[in-house]
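Report on the structure given below.
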Amino acid sequence: MSGGACDRAARRLHAALLARGETVSAAESLTAGLFCATLASVPGASATLRGGAVVYATDLKTTLAGVPAALLAAHGPVSEPTAAALAEGIRARCGATWGIGLTGVAGPDPVDGHGPGRVYVGVSDGARTGVLRLDLAGDRAAVRTGAVRAAIDALLDRLGAGKDGPAPCVTP
């Protein structure tokens with residue numbers, strides 16, 4: 001996922017975090033590490049990217065990101081509460097200022113009643129956790145890339161850096 005608006009947004013995110021002395025970590029299900037890889041493509045990313053976990057398998061959401069098993073049993077792996085818990089858990093486990101939780105359905109088949117393109121992006125700073133619900137169009141690659149773009153833009157917005165500078169990754 002190189003080139004274009006998303007690379008510019010990743011650089012903006014790195015600069016905004018660096019200016020604040022803050023860091024980010026991510027628990028990634030459907031994106032399988034693509035968010036962290038996108039941020040790591042920015043020179044100097046080690047100053048702001050603490051790390052992350054690929055939690056593609058449901059049990060790893062508990063083991064690696066600390067999502068309570070009871071929450072997964074009640075809401076499933078593709079849900080707003082799961083995205084929030086992923087963001088909160090990975091932030092705490094990695095010792096980052098910010099946590100990102102990405103879960104959803106890349107397709108082509110539905111999962112637990114959710115169609116392809118349903119994505120939840122959790123963003124947590126430890127005091128407040130917000131979750132975006134998205135319905136993205138396209139094939140698996142487009143859904144995964146769109147989820148990463150949305151996560152970058154969501155964190156830029158939370159940092160107050162989403163409204164200035166070049167166009168964000170996600171275009172209306």
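Just so we're on the same page: first chain in the structure tokens is A, next is B, and so on; residues restart at 1 for each chain, and ligands are numbered from 1 in the order they show up.
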
*asked:* Quick one: residues within 7 Å of range 9-25 of chain A, only C-alpha atoms, excluding same-chain residues fewer than 4 positions away - as a ChimeraX atom specification?
replied: /A:5,38-39,42,45,48-52,90-91,94,96-100,152,156,161,168-169

Enumerate as an NGL selection string all residues of range 6-108 of chain A assigned to helix (DSSP H, G or I) by DSSP on the backbone, naming them with the chain letters and numbers the document uses. :A and (6-20 or 34-40 or 45-47 or 58-63 or 69-75 or 80-94)

Near Gly101 in chain A, within 8 Å and counting only C-alpha atoms, which residues show up once chain neighbours fewer than 5 positions away are dropped, as a VMD selection string?
-> chain A and resid 26 to 28 83 to 88 90 120 to 123

Residues at most 10 Å from Ala141 in chain A, counting only C-alpha atoms, excluding those fewer than 4 positions away in the same chain, as JSON, numbers by chain?
{"A": [1, 31, 106, 107, 145, 146, 147]}

Could you take the residues named above and write them with C-alpha atoms, as a PDB file, in the first residue's frame?
```pdb
ATOM      1  CA  MET A   1       0.000   0.000   0.000  1.00  0.00           C
ATOM      2  CA  THR A  31      -5.896  -5.932   8.041  1.00  0.00           C
ATOM      3  CA  ALA A 106     -12.850  -8.487   4.009  1.00  0.00           C
ATOM      4  CA  GLY A 107     -14.960 -11.005   2.078  1.00  0.00           C
ATOM      5  CA  THR A 145      -6.784  -0.896   2.387  1.00  0.00           C
ATOM      6  CA  GLY A 146      -9.891   1.158   3.113  1.00  0.00           C
ATOM      7  CA  ALA A 147      -9.835  -0.001   6.732  1.00  0.00           C
TER       8      ALA A 147
END
```

For this session: Go through A:Gly66, A:Pro108, A:Gly113, A:Gly33 one by one, measure the shortest atom-to-atom distance of each to Ala137 in chain A using only C-alpha atoms, and give the residue with the smallest value.
Result: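 Closest to Ala137 in chain A of all the choices is A:Pro108.
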
Judged by only C-alpha atoms, the minimum distance to Leu34 in chain A among A:Leu102, A:Val78, A:Leu64, A:Ala127 is found for A:Leu102

Item to check | Residue list (strand (DSSP E), DSSP) for range 5-165 of chain A, as a ChimeraX atom specification | outcome: /A:24-28,49-54,98-104,118-124,129-135

Output C-alpha atoms for every residue in the selection just made, as a PDB file, in the first residue's frame.
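Wrote selection03.pdb, looks like this:
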```
ATOM      1  CA  VAL A  24       0.563   4.192  18.658  1.00  0.00           C
ATOM      2  CA  SER A  25       0.050   0.429  18.605  1.00  0.00           C
ATOM      3  CA  ALA A  26      -2.516  -1.685  16.765  1.00  0.00           C
ATOM      4  CA  ALA A  27      -4.376  -4.966  17.116  1.00  0.00           C
ATOM      5  CA  GLU A  28      -5.256  -5.986  13.576  1.00  0.00           C
ATOM      6  CA  LEU A  49       5.047   3.118  16.279  1.00  0.00           C
ATOM      7  CA  ARG A  50       5.330   0.904  19.373  1.00  0.00           C
ATOM      8  CA  GLY A  51       4.176  -2.271  17.662  1.00  0.00           C
ATOM      9  CA  GLY A  52       1.149  -4.394  17.214  1.00  0.00           C
ATOM     10  CA  ALA A  53      -0.412  -7.804  16.996  1.00  0.00           C
ATOM     11  CA  VAL A  54      -2.068  -9.678  14.165  1.00  0.00           C
ATOM     12  CA  TRP A  98      -2.894   5.373  21.410  1.00  0.00           C
ATOM     13  CA  GLY A  99      -4.385   2.008  20.506  1.00  0.00           C
ATOM     14  CA  ILE A 100      -6.044   1.054  17.241  1.00  0.00           C
ATOM     15  CA  GLY A 101      -8.337  -1.967  16.916  1.00  0.00           C
ATOM     16  CA  LEU A 102      -9.301  -3.201  13.457  1.00  0.00           C
ATOM     17  CA  THR A 103     -11.872  -5.937  12.901  1.00  0.00           C
ATOM     18  CA  GLY A 104     -14.282  -6.717  10.114  1.00  0.00           C
ATOM     19  CA  ARG A 118     -18.328  -4.283   7.350  1.00  0.00           C
ATOM     20  CA  VAL A 119     -15.430  -2.881   9.369  1.00  0.00           C
ATOM     21  CA  TYR A 120     -15.057  -1.537  12.896  1.00  0.00           C
ATOM     22  CA  VAL A 121     -12.137   0.752  13.771  1.00  0.00           C
ATOM     23  CA  GLY A 122     -11.470   1.383  17.455  1.00  0.00           C
ATOM     24  CA  VAL A 123      -9.304   4.284  18.645  1.00  0.00           C
ATOM     25  CA  SER A 124      -8.332   4.569  22.304  1.00  0.00           C
ATOM     26  CA  THR A 129     -12.400   4.980  23.171  1.00  0.00           C
ATOM     27  CA  GLY A 130     -14.346   5.624  20.003  1.00  0.00           C
ATOM     28  CA  VAL A 131     -15.380   3.192  17.295  1.00  0.00           C
ATOM     29  CA  LEU A 132     -16.181   3.847  13.656  1.00  0.00           C
ATOM     30  CA  ARG A 133     -18.504   1.501  11.789  1.00  0.00           C
ATOM     31  CA  LEU A 134     -17.792   1.350   8.077  1.00  0.00           C
ATOM     32  CA  ASP A 135     -19.342  -0.391   5.097  1.00  0.00           C
TER      33      ASP A 135
END
```

Between CA of Ala69 in chain A and CA of Ser29 in chain A, distance in Å (one decimal):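 CA of Ser29 in chain A lies at a distance of 15.8 Å from CA of Ala69 in chain A.
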
CA of Asp112 in chain A to CA of Pro77 in chain A measures 8.5 Å
